file query29.cif (mmCIF, C-alpha atoms)
data_input
#
loop_
_atom_site.group_PDB
_atom_site.id
_atom_site.type_symbol
_atom_site.label_atom_id
_atom_site.label_comp_id
_atom_site.auth_asym_id
_atom_site.auth_seq_id
_atom_site.Cartn_x
_atom_site.Cartn_y
_atom_site.Cartn_z
ATOM 1 C CA MET A 1 -15.262 238.250 78.609
ATOM 2 C CA LYS A 2 -15.589 235.764 75.772
ATOM 3 C CA SER A 3 -13.478 232.600 75.934
ATOM 4 C CA TYR A 4 -12.393 230.285 73.122
ATOM 5 C CA TYR A 5 -12.014 226.499 73.309
ATOM 6 C CA ARG A 6 -10.892 223.636 71.101
ATOM 7 C CA LEU A 7 -13.254 220.723 71.721
ATOM 8 C CA MET A 8 -13.157 217.191 70.337
ATOM 9 C CA LEU A 9 -16.629 215.834 69.642
ATOM 10 C CA GLY A 10 -15.907 212.223 70.557
ATOM 11 C CA ARG A 11 -12.624 210.445 69.877
ATOM 12 C CA GLY A 12 -11.244 211.922 66.684
ATOM 13 C CA SER A 13 -14.319 214.222 66.610
ATOM 14 C CA VAL A 14 -16.269 211.289 65.191
ATOM 15 C CA TYR A 15 -19.612 212.882 66.168
ATOM 16 C CA ALA A 16 -18.921 216.248 64.530
ATOM 17 C CA LYS A 17 -21.380 215.678 61.689
ATOM 18 C CA GLU A 18 -24.165 214.792 64.140
ATOM 19 C CA CYS A 19 -23.373 217.808 66.329
ATOM 20 C CA LEU A 20 -23.420 220.094 63.304
ATOM 21 C CA ALA A 21 -26.774 218.774 62.107
ATOM 22 C CA GLU A 22 -28.408 219.032 65.548
ATOM 23 C CA SER A 23 -26.678 222.236 66.768
ATOM 24 C CA PHE A 24 -24.989 220.979 69.938
ATOM 25 C CA ILE A 25 -21.673 220.103 71.523
ATOM 26 C CA GLY A 26 -21.360 217.412 74.151
ATOM 27 C CA THR A 27 -19.458 214.871 76.214
ATOM 28 C CA ASP A 28 -20.093 211.446 77.717
ATOM 29 C CA PHE A 29 -17.282 209.753 79.723
ATOM 30 C CA ASP A 30 -19.496 206.871 80.885
ATOM 31 C CA VAL A 31 -21.436 209.081 83.313
ATOM 32 C CA THR A 32 -24.981 208.111 82.404
ATOM 33 C CA GLN A 33 -27.070 210.091 84.876
ATOM 34 C CA ASP A 34 -28.718 213.439 84.203
ATOM 35 C CA LEU A 35 -26.546 216.280 85.546
ATOM 36 C CA THR A 36 -29.401 218.785 85.724
ATOM 37 C CA GLY A 37 -29.193 220.378 89.176
ATOM 38 C CA LYS A 38 -25.880 218.587 89.847
ATOM 39 C CA LEU A 39 -23.458 221.098 88.337
ATOM 40 C CA PRO A 40 -21.979 223.182 91.175
ATOM 41 C CA ASP A 41 -19.975 226.333 90.559
ATOM 42 C CA ASP A 42 -16.693 224.673 91.553
ATOM 43 C CA LEU A 43 -14.927 221.620 90.169
ATOM 44 C CA HIS A 44 -13.923 220.288 93.609
ATOM 45 C CA THR A 45 -17.542 219.731 94.671
ATOM 46 C CA PHE A 46 -18.370 218.098 91.328
ATOM 47 C CA ASN A 47 -15.342 215.789 91.530
ATOM 48 C CA ALA A 48 -16.212 214.734 95.074
ATOM 49 C CA GLU A 49 -19.522 213.325 93.831
ATOM 50 C CA PHE A 50 -18.708 212.119 90.348
ATOM 51 C CA ILE A 51 -15.196 210.690 90.492
ATOM 52 C CA PRO A 52 -16.549 207.746 92.554
ATOM 53 C CA ILE A 53 -19.433 207.383 90.083
ATOM 54 C CA PHE A 54 -17.017 207.314 87.154
ATOM 55 C CA LEU A 55 -14.772 204.753 88.853
ATOM 56 C CA ALA A 56 -17.740 202.550 89.697
ATOM 57 C CA ALA A 57 -18.668 202.473 86.012
ATOM 58 C CA ARG A 58 -15.029 202.089 84.893
ATOM 59 C CA PRO A 59 -13.118 200.158 87.581
ATOM 60 C CA ASP A 60 -10.308 199.627 85.069
ATOM 61 C CA LYS A 61 -9.474 203.351 85.163
ATOM 62 C CA THR A 62 -7.292 205.250 87.616
ATOM 63 C CA LYS A 63 -8.269 208.176 89.805
ATOM 64 C CA ILE A 64 -6.170 210.418 87.547
ATOM 65 C CA SER A 65 -8.193 209.310 84.521
ATOM 66 C CA ALA A 66 -11.386 209.864 86.495
ATOM 67 C CA GLY A 67 -10.263 213.376 87.438
ATOM 68 C CA LEU A 68 -9.516 214.189 83.815
ATOM 69 C CA ALA A 69 -12.866 212.862 82.596
ATOM 70 C CA CYS A 70 -14.896 214.601 85.299
ATOM 71 C CA GLY A 71 -12.967 217.827 84.791
ATOM 72 C CA VAL A 72 -13.816 217.963 81.096
ATOM 73 C CA LEU A 73 -17.407 216.903 81.773
ATOM 74 C CA TRP A 74 -17.863 219.756 84.272
ATOM 75 C CA ARG A 75 -16.132 222.328 82.073
ATOM 76 C CA VAL A 76 -18.203 221.595 78.995
ATOM 77 C CA SER A 77 -21.452 221.220 80.920
ATOM 78 C CA LYS A 78 -21.008 224.154 83.320
ATOM 79 C CA ASP A 79 -17.846 226.234 83.048
ATOM 80 C CA ILE A 80 -18.156 227.198 79.372
ATOM 81 C CA LYS A 81 -20.439 230.215 79.247
ATOM 82 C CA ARG A 82 -23.092 231.409 76.832
ATOM 83 C CA GLY A 83 -21.368 233.422 74.124
ATOM 84 C CA ASP A 84 -18.123 231.470 74.350
ATOM 85 C CA VAL A 85 -16.754 230.114 71.069
ATOM 86 C CA VAL A 86 -15.798 226.510 70.345
ATOM 87 C CA LEU A 87 -13.554 225.244 67.559
ATOM 88 C CA CYS A 88 -14.290 221.600 66.785
ATOM 89 C CA PRO A 89 -12.395 219.465 64.261
ATOM 90 C CA SER A 90 -14.774 218.477 61.471
ATOM 91 C CA GLY A 91 -13.839 214.802 61.839
ATOM 92 C CA ASP A 92 -13.633 214.226 58.077
ATOM 93 C CA GLY A 93 -9.883 214.538 57.687
ATOM 94 C CA SER A 94 -10.106 217.875 55.883
ATOM 95 C CA GLY A 95 -8.130 219.795 58.505
ATOM 96 C CA ARG A 96 -11.012 222.205 59.059
ATOM 97 C CA TYR A 97 -12.623 223.358 62.298
ATOM 98 C CA LEU A 98 -16.305 223.949 62.842
ATOM 99 C CA VAL A 99 -16.912 227.226 64.689
ATOM 100 C CA GLY A 100 -19.843 227.596 67.070
ATOM 101 C CA GLU A 101 -21.139 230.004 69.691
ATOM 102 C CA VAL A 102 -22.603 228.451 72.846
ATOM 103 C CA THR A 103 -26.193 229.646 73.155
ATOM 104 C CA GLY A 104 -27.640 227.846 76.172
ATOM 105 C CA ASP A 105 -27.157 225.837 79.340
ATOM 106 C CA TYR A 106 -26.766 222.115 79.947
ATOM 107 C CA THR A 107 -29.267 219.643 78.516
ATOM 108 C CA TYR A 108 -29.427 215.857 78.828
ATOM 109 C CA ALA A 109 -30.070 213.482 75.926
ATOM 110 C CA PRO A 110 -30.341 209.931 77.333
ATOM 111 C CA GLY A 111 -29.622 207.108 74.913
ATOM 112 C CA HIS A 112 -27.823 209.386 72.448
ATOM 113 C CA ASN A 113 -24.199 209.993 71.576
ATOM 114 C CA LEU A 114 -22.606 212.715 73.737
ATOM 115 C CA ARG A 115 -25.589 212.754 76.084
ATOM 116 C CA HIS A 116 -24.317 215.718 78.163
ATOM 117 C CA ARG A 117 -24.957 218.620 75.809
ATOM 118 C CA ARG A 118 -24.884 222.363 75.268
ATOM 119 C CA PRO A 119 -26.780 224.074 72.419
ATOM 120 C CA VAL A 120 -24.649 226.013 69.945
ATOM 121 C CA GLN A 121 -25.181 228.125 66.866
ATOM 122 C CA TRP A 122 -22.726 226.979 64.232
ATOM 123 C CA LEU A 123 -21.300 229.683 61.999
ATOM 124 C CA ALA A 124 -21.426 229.356 58.250
ATOM 125 C CA THR A 125 -17.644 229.692 58.108
ATOM 126 C CA THR A 126 -15.062 227.089 59.063
ATOM 127 C CA ILE A 127 -11.370 227.585 59.801
ATOM 128 C CA SER A 128 -8.693 225.758 57.875
ATOM 129 C CA ARG A 129 -5.806 224.531 59.985
ATOM 130 C CA SER A 130 -3.447 225.493 57.163
ATOM 131 C CA LEU A 131 -4.222 229.182 57.759
ATOM 132 C CA MET A 132 -3.393 229.105 61.466
ATOM 133 C CA SER A 133 -0.136 230.350 62.939
ATOM 134 C CA ASP A 134 2.193 227.663 64.241
ATOM 135 C CA ALA A 135 1.318 228.682 67.802
ATOM 136 C CA LEU A 136 -2.415 228.258 67.225
ATOM 137 C CA LYS A 137 -1.823 224.961 65.424
ATOM 138 C CA ASN A 138 0.028 223.717 68.494
ATOM 139 C CA ALA A 139 -2.717 224.929 70.832
ATOM 140 C CA THR A 140 -5.592 223.422 68.847
ATOM 141 C CA GLY A 141 -3.635 220.228 68.269
ATOM 142 C CA SER A 142 -2.966 219.669 71.962
ATOM 143 C CA ILE A 143 -3.707 216.309 73.512
ATOM 144 C CA GLY A 144 -7.057 215.864 75.224
ATOM 145 C CA THR A 145 -10.728 216.533 74.676
ATOM 146 C CA LEU A 146 -10.783 220.212 75.658
ATOM 147 C CA SER A 147 -8.227 223.002 75.544
ATOM 148 C CA ASN A 148 -8.597 226.709 76.241
ATOM 149 C CA VAL A 149 -7.230 228.736 73.312
ATOM 150 C CA SER A 150 -8.432 232.154 74.494
ATOM 151 C CA SER A 151 -4.916 233.591 74.290
ATOM 152 C CA TYR A 152 -5.308 233.389 70.498
ATOM 153 C CA ALA A 153 -8.620 235.268 70.455
ATOM 154 C CA ASP A 154 -7.457 237.992 68.056
ATOM 155 C CA GLU A 155 -6.146 235.496 65.528
ATOM 156 C CA ILE A 156 -9.258 233.323 65.794
ATOM 157 C CA GLU A 157 -11.557 236.306 65.232
ATOM 158 C CA LYS A 158 -9.571 237.296 62.149
ATOM 159 C CA LEU A 159 -9.803 233.774 60.781
ATOM 160 C CA ILE A 160 -13.542 233.667 61.479
ATOM 161 C CA GLY A 161 -13.896 236.938 59.585
ATOM 162 C CA GLY A 162 -11.896 235.630 56.659
ATOM 163 C CA ILE A 163 -9.004 238.027 57.233
ATOM 164 C CA ALA A 164 -5.737 236.449 56.146
ATOM 165 C CA LEU A 165 -2.820 236.683 58.526
ATOM 166 C CA PRO A 166 0.184 238.755 57.450
ATOM 167 C CA THR A 167 2.702 236.859 55.353
ATOM 168 C CA PRO A 168 5.568 235.782 57.591
ATOM 169 C CA PRO A 169 8.902 237.461 56.808
ATOM 170 C CA SER A 170 11.469 235.477 54.882
ATOM 171 C CA VAL A 171 14.254 233.704 56.716
ATOM 172 C CA ASP A 172 16.706 236.420 55.600
ATOM 173 C CA GLN A 173 14.609 239.034 57.412
ATOM 174 C CA ILE A 174 14.416 237.199 60.729
ATOM 175 C CA VAL A 175 16.817 237.991 63.556
ATOM 176 C CA GLU A 176 15.756 236.505 66.870
ATOM 177 C CA ASP A 177 17.122 235.812 70.299
ATOM 178 C CA PRO A 178 18.047 232.103 70.291
ATOM 179 C CA ALA A 179 16.162 231.481 73.544
ATOM 180 C CA ALA A 180 12.934 233.010 72.239
ATOM 181 C CA PHE A 181 13.391 231.242 68.906
ATOM 182 C CA ALA A 182 13.718 227.813 70.492
ATOM 183 C CA LEU A 183 11.277 228.078 73.358
ATOM 184 C CA GLU A 184 8.535 230.639 72.788
ATOM 185 C CA LYS A 185 6.082 228.032 71.525
ATOM 186 C CA HIS A 186 7.751 224.638 71.682
ATOM 187 C CA LEU A 187 9.388 224.049 75.076
ATOM 188 C CA GLU A 188 6.562 221.937 76.461
ATOM 189 C CA ASP A 189 6.118 219.830 73.318
ATOM 190 C CA PHE A 190 9.871 219.363 73.021
ATOM 191 C CA LEU A 191 10.117 218.132 76.611
ATOM 192 C CA VAL A 192 7.208 215.727 76.142
ATOM 193 C CA GLU A 193 8.618 214.332 72.905
ATOM 194 C CA ASN A 194 12.089 213.871 74.426
ATOM 195 C CA TRP A 195 10.989 212.910 77.939
ATOM 196 C CA THR A 196 12.754 209.549 78.026
ATOM 197 C CA GLN A 197 16.084 211.228 77.282
ATOM 198 C CA THR A 198 15.829 213.658 80.212
ATOM 199 C CA GLU A 199 16.906 213.253 83.827
ATOM 200 C CA LEU A 200 13.251 213.129 84.888
ATOM 201 C CA GLY A 201 12.491 210.392 82.375
ATOM 202 C CA LYS A 202 14.797 207.991 84.213
ATOM 203 C CA ASN A 203 12.395 207.697 87.145
ATOM 204 C CA TYR A 204 9.047 209.067 85.912
ATOM 205 C CA ASP A 205 6.657 208.503 83.010
ATOM 206 C CA ILE A 206 4.248 211.126 81.716
ATOM 207 C CA PHE A 207 0.836 209.819 82.684
ATOM 208 C CA GLN A 208 -0.870 207.803 79.948
ATOM 209 C CA GLU A 209 -4.213 206.094 79.560
ATOM 210 C CA ASP A 210 -4.763 203.369 76.952
ATOM 211 C CA GLY A 211 -1.440 204.271 75.344
ATOM 212 C CA GLU A 212 -2.353 207.946 74.965
ATOM 213 C CA ILE A 213 -0.642 210.741 76.891
ATOM 214 C CA VAL A 214 -3.149 212.497 79.148
ATOM 215 C CA GLY A 215 -0.630 214.107 81.504
ATOM 216 C CA GLN A 216 0.096 217.088 79.255
ATOM 217 C CA GLN A 217 -1.915 220.223 80.133
ATOM 218 C CA TYR A 218 -3.818 218.252 82.768
ATOM 219 C CA PRO A 219 -6.769 220.408 83.944
ATOM 220 C CA THR A 220 -7.241 221.457 87.572
ATOM 221 C CA ASP A 221 -9.537 223.933 89.289
ATOM 222 C CA THR A 222 -6.763 226.556 89.292
ATOM 223 C CA GLY A 223 -5.440 226.069 85.763
ATOM 224 C CA PRO A 224 -3.749 223.335 83.735
ATOM 225 C CA ILE A 225 -0.672 221.437 84.908
ATOM 226 C CA ASP A 226 1.974 221.563 82.183
ATOM 227 C CA ILE A 227 3.010 217.942 82.736
ATOM 228 C CA LEU A 228 1.695 215.361 85.191
ATOM 229 C CA ALA A 229 3.944 212.318 85.557
ATOM 230 C CA ILE A 230 4.039 209.222 87.730
ATOM 231 C CA ARG A 231 7.073 207.474 89.203
ATOM 232 C CA LYS A 232 7.817 204.126 87.630
ATOM 233 C CA ASP A 233 6.983 202.330 90.879
ATOM 234 C CA LYS A 234 3.593 204.181 90.957
ATOM 235 C CA LYS A 235 4.268 205.529 94.457
ATOM 236 C CA GLU A 236 4.667 209.211 93.580
ATOM 237 C CA LEU A 237 3.019 211.734 91.260
ATOM 238 C CA LEU A 238 5.118 214.514 89.749
ATOM 239 C CA VAL A 239 3.837 217.993 88.833
ATOM 240 C CA VAL A 240 6.046 219.795 86.290
ATOM 241 C CA GLU A 241 5.724 223.537 85.681
ATOM 242 C CA LEU A 242 7.603 225.076 82.744
ATOM 243 C CA LYS A 243 8.687 228.700 82.513
ATOM 244 C CA LYS A 244 10.068 230.055 79.252
ATOM 245 C CA GLY A 245 12.892 232.199 80.599
ATOM 246 C CA ARG A 246 13.484 233.408 84.152
ATOM 247 C CA ALA A 247 11.259 231.970 86.878
ATOM 248 C CA SER A 248 9.925 234.278 89.598
ATOM 249 C CA ASP A 249 9.065 233.300 93.146
ATOM 250 C CA ALA A 250 5.365 233.451 92.199
ATOM 251 C CA VAL A 251 5.753 230.111 90.415
ATOM 252 C CA VAL A 252 6.398 228.424 93.768
ATOM 253 C CA GLY A 253 2.892 229.284 94.966
ATOM 254 C CA GLN A 254 1.503 228.220 91.603
ATOM 255 C CA ILE A 255 3.098 224.777 91.639
ATOM 256 C CA LEU A 256 2.165 224.243 95.298
ATOM 257 C CA ARG A 257 -1.488 224.890 94.381
ATOM 258 C CA TYR A 258 -1.257 222.290 91.626
ATOM 259 C CA MET A 259 0.429 219.824 93.968
ATOM 260 C CA GLY A 260 -2.310 220.376 96.554
ATOM 261 C CA TYR A 261 -4.937 219.621 93.921
ATOM 262 C CA VAL A 262 -3.144 216.423 92.894
ATOM 263 C CA LEU A 263 -2.751 215.313 96.505
ATOM 264 C CA GLN A 264 -6.376 215.991 97.459
ATOM 265 C CA GLU A 265 -8.138 215.017 94.236
ATOM 266 C CA LEU A 266 -6.018 212.477 92.369
ATOM 267 C CA ALA A 267 -3.476 210.695 94.546
ATOM 268 C CA GLN A 268 -4.231 207.173 95.652
ATOM 269 C CA GLU A 269 -3.746 206.155 99.272
ATOM 270 C CA ALA A 270 -0.039 206.287 100.229
ATOM 271 C CA GLN A 271 0.934 208.071 96.985
ATOM 272 C CA THR A 272 3.087 211.146 97.516
ATOM 273 C CA VAL A 273 3.320 214.272 95.334
ATOM 274 C CA ARG A 274 6.450 216.083 94.210
ATOM 275 C CA GLY A 275 6.952 219.193 92.079
ATOM 276 C CA VAL A 276 9.527 220.350 89.540
ATOM 277 C CA ILE A 277 9.993 223.843 88.152
ATOM 278 C CA ILE A 278 11.916 224.058 84.880
ATOM 279 C CA ALA A 279 13.203 227.436 83.671
ATOM 280 C CA MET A 280 16.220 229.000 82.017
ATOM 281 C CA GLU A 281 17.217 231.033 85.076
ATOM 282 C CA ASP A 282 16.354 231.514 88.713
ATOM 283 C CA ASP A 283 17.112 234.336 91.150
ATOM 284 C CA GLN A 284 17.596 234.952 94.857
ATOM 285 C CA ARG A 285 13.866 235.269 95.549
ATOM 286 C CA ILE A 286 12.925 231.913 94.070
ATOM 287 C CA ARG A 287 15.869 230.257 95.835
ATOM 288 C CA ARG A 288 14.586 231.668 99.139
ATOM 289 C CA ALA A 289 11.064 230.408 98.438
ATOM 290 C CA LEU A 290 12.287 226.934 97.460
ATOM 291 C CA ALA A 291 14.392 226.710 100.626
ATOM 292 C CA ILE A 292 11.208 225.975 102.597
ATOM 293 C CA ALA A 293 9.541 223.880 99.872
ATOM 294 C CA PRO A 294 11.551 220.628 100.095
ATOM 295 C CA THR A 295 9.146 218.728 97.835
ATOM 296 C CA VAL A 296 9.819 221.098 94.900
ATOM 297 C CA ASP A 297 12.964 220.839 92.769
ATOM 298 C CA PHE A 298 14.339 223.371 90.298
ATOM 299 C CA TYR A 299 15.904 222.459 86.955
ATOM 300 C CA ARG A 300 17.526 224.765 84.398
ATOM 301 C CA TYR A 301 17.374 224.098 80.703
ATOM 302 C CA GLN A 302 20.052 225.006 78.163
ATOM 303 C CA ILE A 303 19.771 225.736 74.471
ATOM 304 C CA SER A 304 22.065 224.751 71.673
ATOM 305 C CA PHE A 305 21.395 226.418 68.310
ATOM 306 C CA LYS A 306 23.631 226.079 65.233
ATOM 307 C CA LEU A 307 23.598 226.922 61.554
ATOM 308 C CA MET A 308 25.747 224.614 59.437
ATOM 309 C CA LYS A 309 26.449 225.445 55.809
ATOM 310 C CA GLY A 310 26.051 222.628 53.308
#
call {"tool": "encode", "arguments": {"input": "query29.cif", "output": "structure tokens"}}
result
Amino acid sequence: MKSYYRLMLGRGSVYAKECLAESFIGTDFDVTQDLTGKLPDDLHTFNAEFIPIFLAARPDKTKISAGLACGVLWRVSKDIKRGDVVLCPSGDGSGRYLVGEVTGDYTYAPGHNLRHRRPVQWLATTISRSLMSDALKNATGSIGTLSNVSSYADEIEKLIGGIALPTPPSVDQIVEDPAAFALEKHLEDFLVENWTQTELGKNYDIFQEDGEIVGQQYPTDTGPIDILAIRKDKKELLVVELKKGRASDAVVGQILRYMGYVLQELAQEAQTVRGVIIAMEDDQRIRRALAIAPTVDFYRYQISFKLMKG
């Protein structure tokens, strides 16, 4: 099944023009050795070898930063498949995305920008950000080098084919459930933007590197963590999982998997890991599951929605 990714070609997609001219996508992350024959089928094995290599080259970075860098390096070099589609910002400030189909396996280009490469066939068409739905704009505008936008496959294919999206109904035609209206697409971004005003923000900071948030949609080998935070005293990492509506007991297993990844792959010696599930409602089943998961807390969110004339 074809997957779709948003990929930055260097910081701010500064190498987009070069990638377009030479028909490739790529990454770097200060890992200078050839990865040919060193790309296992699982991220855990790759991290075990290359996180120490990354940290040796960048001793100023944390293990969390190393995990993020190695995760993206492995995904672009190995996990993205032939036939998958990449959307890459053009890097010229035009708000357009280059569209390419991955056509081959990993290659190494020593001494060049983005030395860890994959060949692509760029399409003649580009996609204007202005034509995207708000949901796709949010997904393609997410923080980080790589994001999976496969859930918007139908919309992306229509945009590639030049098919305009239906005109949204006017405000007078819209009647929505307040919860869906407020949270369907924006809960995560809202929480990140207002983090310091929340109960969690009193004791934890969303993980940042060089002043840039990297703890939003942090990649793991079982899916992305919605928010990865660190306690202000640096002694504990916090995994936050958001559910837009009622949470089921299945989310407990999900967050425990993420916490296990953080503990085994990212935590420094003596650092502990805690989890938080945030949802509008819970039920008896999730309360039973959480009763034997003392390192996971549950928070409910509330919505306030008003219309004020004048």
call {"tool": "resolve_selection", "arguments": {"input": "query29.cif", "expression": "the PyMOL selection byres ((chain A and resi 208) around 12)", "output": "PyMOL selection string"}}
result
chain A and resi 61-62+64-65+68+143-144+192+204-207+209-216+218+227-230
call {"tool": "atom_distance", "arguments": {"input": "query29.cif", "atom1": "CA of Phe24 (chain A)", "atom2": "CA of Gly71 (chain A)"}}
result
19.4 Å
call {"tool": "resolve_selection", "arguments": {"input": "query29.cif", "expression": "the PyMOL selection byres ((chain A and resi 96) around 8)", "output": "list in words"}}
result
Pro89, Ser90, Gly93, Ser94, Gly95, Tyr97, Leu98, Thr126, Ile127, Ser128 and Arg129 of chain A
call {"tool": "atom_distance", "arguments": {"input": "query29.cif", "atom1": "CA of Leu20 (chain A)", "atom2": "CA of Trp122 (chain A)"}}
result
7.0 Å
call {"tool": "resolve_selection", "arguments": {"input": "query29.cif", "expression": "the PyMOL selection byres ((chain A and resi 267-272) around 9)", "output": "PyMOL selection string"}}
result
chain A and resi 62-64+234-238+262-266+273-274
call {"tool": "residues_around", "arguments": {"input": "query29.cif", "residues": "Ser133 (chain A)", "least_positions_apart": "4", "cutoff": "9 Å", "atoms": "all atoms listed in the file", "output": "JSON list (two decimals) with C-alpha atoms, keeping the file's coordinate frame"}}
result
[["chain", "number", "residue", "atom", "x", "y", "z"],
["A", 129, "ARG", "CA", -5.81, 224.53, 59.98],
["A", 137, "LYS", "CA", -1.82, 224.96, 65.42],
["A", 138, "ASN", "CA", 0.03, 223.72, 68.49],
["A", 155, "GLU", "CA", -6.15, 235.50, 65.53],
["A", 165, "LEU", "CA", -2.82, 236.68, 58.53]]
call {"tool": "residues_around", "arguments": {"input": "query29.cif", "residues": "region 28-44 of chain A", "least_positions_apart": "2", "cutoff": "10 Å", "atoms": "all atoms listed in the file", "output": "ChimeraX atom specification"}}
result
/A:9-10,26,46-51,53-58,66-75,77-79,105-117,220-222,261,264-265
call {"tool": "axis_aligned_box", "arguments": {"input": "query29.cif", "around": "region 264-280 of chain A", "padding_each_side": "3 Å", "output": "AutoDock Vina command-line options"}}
result
--center_x 4.0 --center_y 217.6 --center_z 91.1 --size_x 30.4 --size_y 28.8 --size_z 24.2
call {"tool": "closest_residue", "arguments": {"input": "query29.cif", "among": "A:Met259, A:Leu7, A:Val76, A:Met132", "to": "Ile225 (chain A)", "atoms": "only C-alpha atoms"}}
result
A:Met259
call {"tool": "closest_residue", "arguments": {"input": "query29.cif", "among": "A:Ala16, A:Leu256, A:Ile277, A:Ala139", "to": "Tyr301 (chain A)", "atoms": "all atoms listed in the file"}}
result
A:Ile277
call {"tool": "atom_distance", "arguments": {"input": "query29.cif", "atom1": "CA of Arg82 (chain A)", "atom2": "CA of Val14 (chain A)"}}
result
24.2 Å
